[in-house]
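The file coords.txt comes next; it holds compact mmCIF, N, CA and C atoms.
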# COMPACT_ATOMS: atom_id res chain seq x y z
N MET A 1 -2.45 -24.74 51.56
CA MET A 1 -1.33 -25.09 50.70
C MET A 1 -1.88 -25.47 49.32
N THR A 2 -1.29 -24.92 48.29
CA THR A 2 -1.65 -25.27 46.93
C THR A 2 -0.89 -26.53 46.57
N GLU A 3 -1.60 -27.53 46.07
CA GLU A 3 -0.91 -28.76 45.73
C GLU A 3 -1.35 -29.26 44.38
N LYS A 4 -0.40 -29.65 43.59
CA LYS A 4 -0.66 -30.21 42.28
C LYS A 4 0.17 -31.48 42.21
N THR A 5 -0.50 -32.61 42.15
CA THR A 5 0.21 -33.88 42.17
C THR A 5 0.90 -34.10 40.84
N VAL A 6 2.12 -34.57 40.92
CA VAL A 6 2.86 -35.00 39.75
C VAL A 6 2.73 -36.51 39.75
N ARG A 7 2.30 -37.09 38.65
CA ARG A 7 2.15 -38.54 38.65
C ARG A 7 3.45 -39.19 39.04
N GLY A 8 3.38 -40.05 40.04
CA GLY A 8 4.57 -40.70 40.56
C GLY A 8 4.69 -40.43 42.04
N PRO A 9 5.89 -40.56 42.56
CA PRO A 9 6.07 -40.54 44.02
C PRO A 9 6.28 -39.17 44.66
N LEU A 10 5.84 -38.10 44.03
CA LEU A 10 6.13 -36.79 44.58
C LEU A 10 5.00 -35.82 44.26
N ALA A 11 4.61 -35.03 45.25
CA ALA A 11 3.63 -33.97 45.03
C ALA A 11 4.30 -32.66 45.42
N VAL A 12 4.11 -31.65 44.61
CA VAL A 12 4.74 -30.35 44.86
C VAL A 12 3.64 -29.34 45.14
N GLY A 13 3.84 -28.56 46.20
CA GLY A 13 2.87 -27.55 46.57
C GLY A 13 3.59 -26.33 47.11
N ALA A 14 2.84 -25.44 47.75
CA ALA A 14 3.45 -24.23 48.29
C ALA A 14 2.66 -23.75 49.49
N THR A 15 3.37 -23.14 50.40
CA THR A 15 2.80 -22.38 51.50
C THR A 15 3.05 -20.92 51.12
N PRO A 16 2.61 -19.96 51.92
CA PRO A 16 2.89 -18.57 51.53
C PRO A 16 4.38 -18.23 51.42
N LEU A 17 5.25 -18.98 52.10
CA LEU A 17 6.68 -18.63 52.09
C LEU A 17 7.60 -19.70 51.54
N MET A 18 7.08 -20.90 51.27
CA MET A 18 7.95 -22.00 50.87
C MET A 18 7.32 -22.84 49.77
N VAL A 19 8.17 -23.45 48.95
CA VAL A 19 7.73 -24.51 48.03
C VAL A 19 7.92 -25.81 48.80
N THR A 20 6.94 -26.70 48.72
CA THR A 20 7.00 -27.95 49.47
C THR A 20 7.02 -29.15 48.53
N ALA A 21 7.69 -30.19 48.95
CA ALA A 21 7.68 -31.46 48.21
C ALA A 21 7.18 -32.52 49.19
N ASP A 22 6.05 -33.11 48.88
CA ASP A 22 5.48 -34.16 49.73
C ASP A 22 6.08 -35.48 49.29
N VAL A 23 6.91 -36.06 50.13
CA VAL A 23 7.58 -37.31 49.81
C VAL A 23 6.98 -38.46 50.63
N GLU A 24 5.65 -38.44 50.78
CA GLU A 24 4.96 -39.47 51.56
C GLU A 24 5.33 -40.88 51.14
N PRO A 25 5.47 -41.20 49.84
CA PRO A 25 5.88 -42.56 49.48
C PRO A 25 7.24 -42.94 50.05
N LEU A 26 8.18 -41.99 50.10
CA LEU A 26 9.48 -42.26 50.69
C LEU A 26 9.36 -42.53 52.19
N VAL A 27 8.58 -41.71 52.88
CA VAL A 27 8.40 -41.89 54.32
C VAL A 27 7.72 -43.22 54.60
N THR A 28 6.71 -43.57 53.84
CA THR A 28 6.02 -44.84 54.03
C THR A 28 6.99 -46.01 53.84
N ALA A 29 7.78 -45.95 52.79
CA ALA A 29 8.77 -47.00 52.55
C ALA A 29 9.80 -47.04 53.67
N ASN A 30 10.22 -45.87 54.15
CA ASN A 30 11.22 -45.83 55.21
C ASN A 30 10.69 -46.39 56.52
N VAL A 31 9.44 -46.12 56.85
CA VAL A 31 8.87 -46.65 58.09
C VAL A 31 8.84 -48.17 58.02
N ALA A 32 8.40 -48.71 56.89
CA ALA A 32 8.38 -50.16 56.72
C ALA A 32 9.79 -50.73 56.82
N GLU A 33 10.75 -50.06 56.18
CA GLU A 33 12.15 -50.51 56.21
C GLU A 33 12.71 -50.42 57.63
N LEU A 34 12.37 -49.35 58.34
CA LEU A 34 12.83 -49.17 59.71
C LEU A 34 12.32 -50.30 60.60
N LEU A 35 11.04 -50.61 60.49
CA LEU A 35 10.48 -51.69 61.31
C LEU A 35 11.15 -53.02 60.98
N ASP A 36 11.41 -53.28 59.71
CA ASP A 36 12.12 -54.50 59.33
C ASP A 36 13.52 -54.53 59.94
N LEU A 37 14.22 -53.40 59.86
CA LEU A 37 15.58 -53.34 60.41
C LEU A 37 15.59 -53.53 61.93
N LEU A 38 14.64 -52.89 62.62
CA LEU A 38 14.60 -53.01 64.08
C LEU A 38 14.30 -54.43 64.54
N CYS A 39 13.62 -55.19 63.71
CA CYS A 39 13.31 -56.58 64.05
C CYS A 39 14.41 -57.54 63.60
N SER A 40 15.39 -57.03 62.86
CA SER A 40 16.46 -57.89 62.36
C SER A 40 17.49 -58.15 63.46
N ASP A 41 18.23 -59.23 63.28
CA ASP A 41 19.29 -59.58 64.25
C ASP A 41 20.33 -58.47 64.36
N GLU A 42 20.55 -57.76 63.28
CA GLU A 42 21.57 -56.72 63.26
C GLU A 42 21.26 -55.57 64.22
N PHE A 43 19.98 -55.22 64.39
CA PHE A 43 19.62 -54.04 65.18
C PHE A 43 18.78 -54.33 66.41
N PHE A 44 18.17 -55.50 66.49
CA PHE A 44 17.19 -55.77 67.54
C PHE A 44 17.76 -55.58 68.94
N GLN A 45 18.89 -56.17 69.25
CA GLN A 45 19.43 -56.08 70.61
C GLN A 45 19.78 -54.63 70.98
N ASP A 46 20.37 -53.91 70.06
CA ASP A 46 20.70 -52.50 70.33
C ASP A 46 19.43 -51.69 70.58
N PHE A 47 18.39 -51.98 69.80
CA PHE A 47 17.11 -51.29 69.98
C PHE A 47 16.52 -51.63 71.34
N MET A 48 16.56 -52.89 71.72
CA MET A 48 15.98 -53.31 73.00
C MET A 48 16.71 -52.66 74.18
N GLU A 49 18.01 -52.51 74.08
CA GLU A 49 18.77 -51.86 75.15
C GLU A 49 18.33 -50.41 75.34
N ILE A 50 17.94 -49.77 74.26
CA ILE A 50 17.49 -48.39 74.34
C ILE A 50 16.02 -48.34 74.79
N ALA A 51 15.19 -49.23 74.24
CA ALA A 51 13.75 -49.18 74.49
C ALA A 51 13.36 -49.72 75.87
N ASP A 52 14.11 -50.70 76.38
CA ASP A 52 13.72 -51.38 77.62
C ASP A 52 14.89 -51.36 78.61
N PRO A 53 14.82 -50.51 79.64
CA PRO A 53 15.92 -50.42 80.60
C PRO A 53 16.28 -51.76 81.24
N SER A 54 15.32 -52.69 81.37
CA SER A 54 15.65 -53.98 81.98
C SER A 54 16.62 -54.77 81.10
N GLU A 55 16.68 -54.45 79.82
CA GLU A 55 17.63 -55.08 78.91
C GLU A 55 19.03 -54.47 79.08
N ASN A 56 19.11 -53.37 79.77
CA ASN A 56 20.37 -52.64 79.93
C ASN A 56 20.77 -52.59 81.40
N GLY A 57 20.53 -53.68 82.12
CA GLY A 57 20.88 -53.74 83.53
C GLY A 57 20.06 -52.78 84.38
N GLY A 58 18.87 -52.42 83.94
CA GLY A 58 18.02 -51.50 84.69
C GLY A 58 18.34 -50.04 84.48
N GLU A 59 19.39 -49.77 83.71
CA GLU A 59 19.80 -48.38 83.46
C GLU A 59 19.14 -47.87 82.18
N PRO A 60 18.65 -46.63 82.20
CA PRO A 60 18.12 -46.07 80.95
C PRO A 60 19.26 -45.89 79.95
N ALA A 61 18.91 -45.98 78.68
CA ALA A 61 19.92 -45.82 77.63
C ALA A 61 20.50 -44.41 77.70
N ASN A 62 21.78 -44.32 77.41
CA ASN A 62 22.38 -42.99 77.37
C ASN A 62 22.24 -42.41 75.96
N ARG A 63 22.44 -41.14 75.86
CA ARG A 63 22.24 -40.42 74.59
C ARG A 63 23.14 -40.99 73.49
N MET A 64 24.35 -41.39 73.87
CA MET A 64 25.30 -41.91 72.89
C MET A 64 24.77 -43.21 72.25
N GLN A 65 24.15 -44.08 73.06
CA GLN A 65 23.57 -45.31 72.50
C GLN A 65 22.49 -44.97 71.48
N PHE A 66 21.63 -44.03 71.83
CA PHE A 66 20.56 -43.61 70.93
C PHE A 66 21.14 -43.04 69.64
N GLU A 67 22.09 -42.13 69.76
CA GLU A 67 22.67 -41.48 68.58
C GLU A 67 23.41 -42.47 67.69
N THR A 68 24.09 -43.44 68.30
CA THR A 68 24.80 -44.45 67.52
C THR A 68 23.82 -45.30 66.73
N LEU A 69 22.76 -45.77 67.39
CA LEU A 69 21.75 -46.57 66.70
C LEU A 69 21.08 -45.74 65.61
N GLN A 70 20.75 -44.50 65.92
CA GLN A 70 20.12 -43.63 64.94
C GLN A 70 21.00 -43.48 63.70
N ALA A 71 22.28 -43.24 63.89
CA ALA A 71 23.20 -43.06 62.76
C ALA A 71 23.29 -44.33 61.92
N ARG A 72 23.35 -45.48 62.57
CA ARG A 72 23.40 -46.75 61.84
C ARG A 72 22.14 -46.97 61.02
N LEU A 73 20.99 -46.65 61.60
CA LEU A 73 19.72 -46.82 60.88
C LEU A 73 19.62 -45.84 59.71
N VAL A 74 20.00 -44.60 59.93
CA VAL A 74 19.94 -43.59 58.87
C VAL A 74 20.83 -44.02 57.70
N ASP A 75 21.99 -44.60 58.01
CA ASP A 75 22.88 -45.08 56.95
C ASP A 75 22.20 -46.12 56.06
N ARG A 76 21.26 -46.85 56.61
CA ARG A 76 20.61 -47.93 55.87
C ARG A 76 19.31 -47.50 55.19
N MET A 77 18.79 -46.33 55.52
CA MET A 77 17.48 -45.91 55.02
C MET A 77 17.61 -45.24 53.65
N SER A 78 16.53 -45.32 52.88
CA SER A 78 16.47 -44.65 51.57
C SER A 78 16.38 -43.14 51.79
N THR A 79 17.05 -42.39 50.95
CA THR A 79 17.00 -40.93 51.06
C THR A 79 16.60 -40.28 49.74
N ARG A 80 16.29 -41.08 48.76
CA ARG A 80 15.98 -40.52 47.45
C ARG A 80 14.63 -41.01 46.94
N VAL A 81 14.00 -40.17 46.16
CA VAL A 81 12.77 -40.53 45.47
C VAL A 81 13.14 -40.63 43.99
N ALA A 82 12.87 -41.77 43.40
CA ALA A 82 13.20 -41.97 41.99
C ALA A 82 12.09 -41.39 41.11
N LEU A 83 12.49 -40.58 40.14
CA LEU A 83 11.55 -39.99 39.20
C LEU A 83 11.99 -40.36 37.78
N THR A 84 11.03 -40.63 36.92
CA THR A 84 11.36 -40.80 35.50
C THR A 84 11.71 -39.42 34.94
N GLY A 85 12.24 -39.38 33.75
CA GLY A 85 12.56 -38.09 33.12
C GLY A 85 11.35 -37.18 33.03
N PRO A 86 10.21 -37.70 32.51
CA PRO A 86 9.03 -36.84 32.43
C PRO A 86 8.54 -36.37 33.80
N GLN A 87 8.58 -37.26 34.80
CA GLN A 87 8.17 -36.85 36.15
C GLN A 87 9.09 -35.75 36.66
N ALA A 88 10.39 -35.91 36.46
CA ALA A 88 11.36 -34.91 36.92
C ALA A 88 11.09 -33.56 36.25
N MET A 89 10.77 -33.58 34.97
CA MET A 89 10.49 -32.33 34.27
C MET A 89 9.22 -31.67 34.81
N ARG A 90 8.19 -32.46 35.11
CA ARG A 90 6.96 -31.88 35.68
C ARG A 90 7.23 -31.31 37.07
N VAL A 91 8.01 -32.04 37.88
CA VAL A 91 8.35 -31.55 39.22
C VAL A 91 9.15 -30.26 39.11
N ALA A 92 10.14 -30.25 38.24
CA ALA A 92 10.97 -29.04 38.07
C ALA A 92 10.11 -27.86 37.61
N GLY A 93 9.23 -28.11 36.67
CA GLY A 93 8.36 -27.04 36.18
C GLY A 93 7.45 -26.50 37.28
N ARG A 94 6.89 -27.41 38.06
CA ARG A 94 5.99 -26.98 39.15
C ARG A 94 6.76 -26.22 40.21
N MET A 95 7.96 -26.70 40.55
CA MET A 95 8.77 -25.99 41.55
C MET A 95 9.16 -24.61 41.04
N ALA A 96 9.52 -24.51 39.77
CA ALA A 96 9.86 -23.20 39.21
C ALA A 96 8.65 -22.28 39.23
N GLU A 97 7.50 -22.81 38.86
CA GLU A 97 6.26 -22.02 38.86
C GLU A 97 5.95 -21.47 40.25
N LEU A 98 6.08 -22.32 41.26
CA LEU A 98 5.79 -21.90 42.63
C LEU A 98 6.91 -21.07 43.25
N GLY A 99 8.14 -21.35 42.85
CA GLY A 99 9.28 -20.66 43.44
C GLY A 99 9.53 -19.26 42.91
N ARG A 100 9.14 -19.01 41.66
CA ARG A 100 9.39 -17.71 41.03
C ARG A 100 8.84 -16.54 41.85
N PRO A 101 7.57 -16.55 42.28
CA PRO A 101 7.08 -15.42 43.06
C PRO A 101 7.74 -15.33 44.44
N LEU A 102 8.10 -16.47 45.01
CA LEU A 102 8.77 -16.45 46.32
C LEU A 102 10.18 -15.87 46.20
N ALA A 103 10.87 -16.20 45.11
CA ALA A 103 12.20 -15.63 44.88
C ALA A 103 12.11 -14.13 44.67
N ALA A 104 11.09 -13.69 43.94
CA ALA A 104 10.91 -12.26 43.72
C ALA A 104 10.62 -11.54 45.03
N LEU A 105 9.80 -12.15 45.87
CA LEU A 105 9.50 -11.57 47.18
C LEU A 105 10.76 -11.46 48.02
N SER A 106 11.59 -12.50 48.01
CA SER A 106 12.85 -12.46 48.76
C SER A 106 13.76 -11.35 48.27
N ALA A 107 13.82 -11.19 46.95
CA ALA A 107 14.67 -10.13 46.38
C ALA A 107 14.16 -8.75 46.79
N ARG A 108 12.84 -8.56 46.74
CA ARG A 108 12.28 -7.27 47.16
C ARG A 108 12.55 -7.01 48.64
N THR A 109 12.39 -8.04 49.46
CA THR A 109 12.63 -7.90 50.90
C THR A 109 14.09 -7.54 51.16
N ALA A 110 15.01 -8.22 50.47
CA ALA A 110 16.44 -7.93 50.64
C ALA A 110 16.75 -6.50 50.23
N ALA A 111 16.13 -6.03 49.15
CA ALA A 111 16.36 -4.65 48.70
C ALA A 111 15.87 -3.65 49.72
N VAL A 112 14.72 -3.89 50.32
CA VAL A 112 14.17 -2.99 51.35
C VAL A 112 15.11 -2.98 52.56
N VAL A 113 15.59 -4.15 52.96
CA VAL A 113 16.51 -4.23 54.11
C VAL A 113 17.78 -3.46 53.82
N GLN A 114 18.33 -3.62 52.60
CA GLN A 114 19.54 -2.90 52.23
C GLN A 114 19.33 -1.40 52.25
N ARG A 115 18.20 -0.94 51.71
CA ARG A 115 17.92 0.50 51.72
C ARG A 115 17.80 1.03 53.14
N SER A 116 17.13 0.27 54.01
CA SER A 116 16.97 0.75 55.38
C SER A 116 18.29 0.74 56.13
N LYS A 117 19.21 -0.15 55.81
CA LYS A 117 20.53 -0.16 56.43
C LYS A 117 21.32 1.05 55.97
N GLY A 118 21.15 1.40 54.69
CA GLY A 118 21.86 2.55 54.13
C GLY A 118 21.42 3.85 54.79
N ARG A 119 20.14 3.96 55.11
CA ARG A 119 19.63 5.17 55.74
C ARG A 119 20.07 5.25 57.21
N ALA A 120 20.20 4.10 57.85
CA ALA A 120 20.58 4.08 59.27
C ALA A 120 22.05 4.42 59.47
N ALA A 121 22.86 4.24 58.44
CA ALA A 121 24.31 4.48 58.59
C ALA A 121 24.68 5.90 58.56
Take the structure in the file and write it out as structure tokens.
Amino acid sequence: MTEKTVRGPLAVGATPLMVTADVEPLVTANVAELLDLLCSDEFFQDFMEIADPSENGGEPANRMQFETLQARLVDRMSTRVALTGPQAMRVAGRMAELGRPLAALSARTAAVVQRSKGRAA
């Protein structure tokens, strides 16, 4: 993967088929926030019912309990990476630089598929 760090909380790179954004600072912050939330009075008991069947009358947690807790936690988690104007411009420029050849490849592939469909008809 080609990677060029943009100063700040985001690194932009590419694989042969995709442009990637490494949001490791967001994930790190979210893990810390998640652990804080799970230890809070608001979420601890619900988490324990899912994690420890003895807390739930010996019954394993059902999928609905897991999904409900997951949705509540996701509602509280950060989903954005803040960039200054200059950082945003560098990220946009890097994404455009890496995305341009991938977009061209997609267009060529689509054209080949269209031509082959036309011949098959």
Select, counting only C-alpha atoms, all protein, DNA and RNA residues no farther than 9 Å from (9.9, -35.6, 46.4) in file coordinates, and express the selection as a PyMOL selection string. chain A and resi 9-12+20-26+80-83+91
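Taking CA of Phe66 in chain A as the reference point, CA of Leu34 in chain A is found at 14.7 Å.
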Based on the backbone DSSP call, show me all residues of chain A assigned helix (DSSP H, G or I), as a compact mmCIF listing (two decimals) with N, CA and C atoms, keeping the file's coordinate frame.
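This went into part.txt:
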# COMPACT_ATOMS: atom_id res chain seq x y z
N GLU A 24 5.65 -38.44 50.78
CA GLU A 24 4.96 -39.47 51.56
C GLU A 24 5.33 -40.88 51.14
N PRO A 25 5.47 -41.20 49.84
CA PRO A 25 5.88 -42.56 49.48
C PRO A 25 7.24 -42.94 50.05
N LEU A 26 8.18 -41.99 50.10
CA LEU A 26 9.48 -42.26 50.69
C LEU A 26 9.36 -42.53 52.19
N VAL A 27 8.58 -41.71 52.88
CA VAL A 27 8.40 -41.89 54.32
C VAL A 27 7.72 -43.22 54.60
N THR A 28 6.71 -43.57 53.84
CA THR A 28 6.02 -44.84 54.03
C THR A 28 6.99 -46.01 53.84
N ALA A 29 7.78 -45.95 52.79
CA ALA A 29 8.77 -47.00 52.55
C ALA A 29 9.80 -47.04 53.67
N ASN A 30 10.22 -45.87 54.15
CA ASN A 30 11.22 -45.83 55.21
C ASN A 30 10.69 -46.39 56.52
N VAL A 31 9.44 -46.12 56.85
CA VAL A 31 8.87 -46.65 58.09
C VAL A 31 8.84 -48.17 58.02
N ALA A 32 8.40 -48.71 56.89
CA ALA A 32 8.38 -50.16 56.72
C ALA A 32 9.79 -50.73 56.82
N GLU A 33 10.75 -50.06 56.18
CA GLU A 33 12.15 -50.51 56.21
C GLU A 33 12.71 -50.42 57.63
N LEU A 34 12.37 -49.35 58.34
CA LEU A 34 12.83 -49.17 59.71
C LEU A 34 12.32 -50.30 60.60
N LEU A 35 11.04 -50.61 60.49
CA LEU A 35 10.48 -51.69 61.31
C LEU A 35 11.15 -53.02 60.98
N ASP A 36 11.41 -53.28 59.71
CA ASP A 36 12.12 -54.50 59.33
C ASP A 36 13.52 -54.53 59.94
N LEU A 37 14.22 -53.40 59.86
CA LEU A 37 15.58 -53.34 60.41
C LEU A 37 15.59 -53.53 61.93
N LEU A 38 14.64 -52.89 62.62
CA LEU A 38 14.60 -53.01 64.08
C LEU A 38 14.30 -54.43 64.54
N CYS A 39 13.62 -55.19 63.71
CA CYS A 39 13.31 -56.58 64.05
C CYS A 39 14.41 -57.54 63.60
N PHE A 44 18.17 -55.50 66.49
CA PHE A 44 17.19 -55.77 67.54
C PHE A 44 17.76 -55.58 68.94
N GLN A 45 18.89 -56.17 69.25
CA GLN A 45 19.43 -56.08 70.61
C GLN A 45 19.78 -54.63 70.98
N ASP A 46 20.37 -53.91 70.06
CA ASP A 46 20.70 -52.50 70.33
C ASP A 46 19.43 -51.69 70.58
N PHE A 47 18.39 -51.98 69.80
CA PHE A 47 17.11 -51.29 69.98
C PHE A 47 16.52 -51.63 71.34
N MET A 48 16.56 -52.89 71.72
CA MET A 48 15.98 -53.31 73.00
C MET A 48 16.71 -52.66 74.18
N GLU A 49 18.01 -52.51 74.08
CA GLU A 49 18.77 -51.86 75.15
C GLU A 49 18.33 -50.41 75.34
N ILE A 50 17.94 -49.77 74.26
CA ILE A 50 17.49 -48.39 74.34
C ILE A 50 16.02 -48.34 74.79
N ALA A 51 15.19 -49.23 74.24
CA ALA A 51 13.75 -49.18 74.49
C ALA A 51 13.36 -49.72 75.87
N PRO A 53 14.82 -50.51 79.64
CA PRO A 53 15.92 -50.42 80.60
C PRO A 53 16.28 -51.76 81.24
N SER A 54 15.32 -52.69 81.37
CA SER A 54 15.65 -53.98 81.98
C SER A 54 16.62 -54.77 81.10
N GLU A 55 16.68 -54.45 79.82
CA GLU A 55 17.63 -55.08 78.91
C GLU A 55 19.03 -54.47 79.08
N ASN A 56 19.11 -53.37 79.77
CA ASN A 56 20.37 -52.64 79.93
C ASN A 56 20.77 -52.59 81.40
N ARG A 63 22.44 -41.14 75.86
CA ARG A 63 22.24 -40.42 74.59
C ARG A 63 23.14 -40.99 73.49
N MET A 64 24.35 -41.39 73.87
CA MET A 64 25.30 -41.91 72.89
C MET A 64 24.77 -43.21 72.25
N GLN A 65 24.15 -44.08 73.06
CA GLN A 65 23.57 -45.31 72.50
C GLN A 65 22.49 -44.97 71.48
N PHE A 66 21.63 -44.03 71.83
CA PHE A 66 20.56 -43.61 70.93
C PHE A 66 21.14 -43.04 69.64
N GLU A 67 22.09 -42.13 69.76
CA GLU A 67 22.67 -41.48 68.58
C GLU A 67 23.41 -42.47 67.69
N THR A 68 24.09 -43.44 68.30
CA THR A 68 24.80 -44.45 67.52
C THR A 68 23.82 -45.30 66.73
N LEU A 69 22.76 -45.77 67.39
CA LEU A 69 21.75 -46.57 66.70
C LEU A 69 21.08 -45.74 65.61
N GLN A 70 20.75 -44.50 65.92
CA GLN A 70 20.12 -43.63 64.94
C GLN A 70 21.00 -43.48 63.70
N ALA A 71 22.28 -43.24 63.89
CA ALA A 71 23.20 -43.06 62.76
C ALA A 71 23.29 -44.33 61.92
N ARG A 72 23.35 -45.48 62.57
CA ARG A 72 23.40 -46.75 61.84
C ARG A 72 22.14 -46.97 61.02
N LEU A 73 20.99 -46.65 61.60
CA LEU A 73 19.72 -46.82 60.88
C LEU A 73 19.62 -45.84 59.71
N VAL A 74 20.00 -44.60 59.93
CA VAL A 74 19.94 -43.59 58.87
C VAL A 74 20.83 -44.02 57.70
N ASP A 75 21.99 -44.60 58.01
CA ASP A 75 22.88 -45.08 56.95
C ASP A 75 22.20 -46.12 56.06
N ARG A 76 21.26 -46.85 56.61
CA ARG A 76 20.61 -47.93 55.87
C ARG A 76 19.31 -47.50 55.19
N GLY A 85 12.24 -39.38 33.75
CA GLY A 85 12.56 -38.09 33.12
C GLY A 85 11.35 -37.18 33.03
N PRO A 86 10.21 -37.70 32.51
CA PRO A 86 9.03 -36.84 32.43
C PRO A 86 8.54 -36.37 33.80
N GLN A 87 8.58 -37.26 34.80
CA GLN A 87 8.17 -36.85 36.15
C GLN A 87 9.09 -35.75 36.66
N ALA A 88 10.39 -35.91 36.46
CA ALA A 88 11.36 -34.91 36.92
C ALA A 88 11.09 -33.56 36.25
N MET A 89 10.77 -33.58 34.97
CA MET A 89 10.49 -32.33 34.27
C MET A 89 9.22 -31.67 34.81
N ARG A 90 8.19 -32.46 35.11
CA ARG A 90 6.96 -31.88 35.68
C ARG A 90 7.23 -31.31 37.07
N VAL A 91 8.01 -32.04 37.88
CA VAL A 91 8.35 -31.55 39.22
C VAL A 91 9.15 -30.26 39.11
N ALA A 92 10.14 -30.25 38.24
CA ALA A 92 10.97 -29.04 38.07
C ALA A 92 10.11 -27.86 37.61
N GLY A 93 9.23 -28.11 36.67
CA GLY A 93 8.36 -27.04 36.18
C GLY A 93 7.45 -26.50 37.28
N ARG A 94 6.89 -27.41 38.06
CA ARG A 94 5.99 -26.98 39.15
C ARG A 94 6.76 -26.22 40.21
N MET A 95 7.96 -26.70 40.55
CA MET A 95 8.77 -25.99 41.55
C MET A 95 9.16 -24.61 41.04
N ALA A 96 9.52 -24.51 39.77
CA ALA A 96 9.86 -23.20 39.21
C ALA A 96 8.65 -22.28 39.23
N GLU A 97 7.50 -22.81 38.86
CA GLU A 97 6.26 -22.02 38.86
C GLU A 97 5.95 -21.47 40.25
N LEU A 98 6.08 -22.32 41.26
CA LEU A 98 5.79 -21.90 42.63
C LEU A 98 6.91 -21.07 43.25
N GLY A 99 8.14 -21.35 42.85
CA GLY A 99 9.28 -20.66 43.44
C GLY A 99 9.53 -19.26 42.91
N ARG A 100 9.14 -19.01 41.66
CA ARG A 100 9.39 -17.71 41.03
C ARG A 100 8.84 -16.54 41.85
N PRO A 101 7.57 -16.55 42.28
CA PRO A 101 7.08 -15.42 43.06
C PRO A 101 7.74 -15.33 44.44
N LEU A 102 8.10 -16.47 45.01
CA LEU A 102 8.77 -16.45 46.32
C LEU A 102 10.18 -15.87 46.20
N ALA A 103 10.87 -16.20 45.11
CA ALA A 103 12.20 -15.63 44.88
C ALA A 103 12.11 -14.13 44.67
N ALA A 104 11.09 -13.69 43.94
CA ALA A 104 10.91 -12.26 43.72
C ALA A 104 10.62 -11.54 45.03
N LEU A 105 9.80 -12.15 45.87
CA LEU A 105 9.50 -11.57 47.18
C LEU A 105 10.76 -11.46 48.02
N SER A 106 11.59 -12.50 48.01
CA SER A 106 12.85 -12.46 48.76
C SER A 106 13.76 -11.35 48.27
N ALA A 107 13.82 -11.19 46.95
CA ALA A 107 14.67 -10.13 46.38
C ALA A 107 14.16 -8.75 46.79
N ARG A 108 12.84 -8.56 46.74
CA ARG A 108 12.28 -7.27 47.16
C ARG A 108 12.55 -7.01 48.64
N THR A 109 12.39 -8.04 49.46
CA THR A 109 12.63 -7.90 50.90
C THR A 109 14.09 -7.54 51.16
N ALA A 110 15.01 -8.22 50.47
CA ALA A 110 16.44 -7.93 50.64
C ALA A 110 16.75 -6.50 50.23
N ALA A 111 16.13 -6.03 49.15
CA ALA A 111 16.36 -4.65 48.70
C ALA A 111 15.87 -3.65 49.72
N VAL A 112 14.72 -3.89 50.32
CA VAL A 112 14.17 -2.99 51.35
C VAL A 112 15.11 -2.98 52.56
N VAL A 113 15.59 -4.15 52.96
CA VAL A 113 16.51 -4.23 54.11
C VAL A 113 17.78 -3.46 53.82
N GLN A 114 18.33 -3.62 52.60
CA GLN A 114 19.54 -2.90 52.23
C GLN A 114 19.33 -1.40 52.25
N ARG A 115 18.20 -0.94 51.71
CA ARG A 115 17.92 0.50 51.72
C ARG A 115 17.80 1.03 53.14
N SER A 116 17.13 0.27 54.01
CA SER A 116 16.97 0.75 55.38
C SER A 116 18.29 0.74 56.13
N LYS A 117 19.21 -0.15 55.81
CA LYS A 117 20.53 -0.16 56.43
C LYS A 117 21.32 1.05 55.97
N GLY A 118 21.15 1.40 54.69
CA GLY A 118 21.86 2.55 54.13
C GLY A 118 21.42 3.85 54.79
N ARG A 119 20.14 3.96 55.11
CA ARG A 119 19.63 5.17 55.74
C ARG A 119 20.07 5.25 57.21
N ALA A 120 20.20 4.10 57.85
CA ALA A 120 20.58 4.08 59.27
C ALA A 120 22.05 4.42 59.47
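Atom C of Ile50 in chain A to atom N of Asn62 in chain A spans 7.5 Å [interatomic distance, one decimal].
The gap separating CA of Leu17 in chain A from CA of Ala110 in chain A is 14.6 Å, in Å to one decimal.
Counting all atoms listed in the file and comparing A:Ala32, A:Leu98, A:Ala61, A:Val74, the residue that lies closest to Val19 in chain A is A:Leu98.
The residues of chain A that DSSP assigns to strand (DSSP E or B) on this backbone come out as Thr2, Glu3, Lys4, Thr5, Val6, Leu10, Ala11, Val12, Gly13, Ala14, Val19, Thr20, Ala21 and Asp22 of chain A.
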Select all residues near (8.1, -20.1, 46.1) (cut-off 8 Å, inclusive, file coordinates), counting only C-alpha atoms, and output them as a list in words. Ala14, Thr15, Pro16, Leu17, Met18, Val19, Met95, Ala96, Glu97, Leu98, Gly99, Arg100, Pro101, Leu102 and Ala103 of chain A
Specify the axis-aligned box that encloses all atoms of range 40-59 of chain A listed in the file after padding of 5 Å on each side, stating its centre and edge lengths in Å to one decimal as JSON.
{"center_x": 17.5, "center_y": -53.7, "center_z": 73.5, "size_x": 18.2, "size_y": 21.7, "size_z": 32.3}
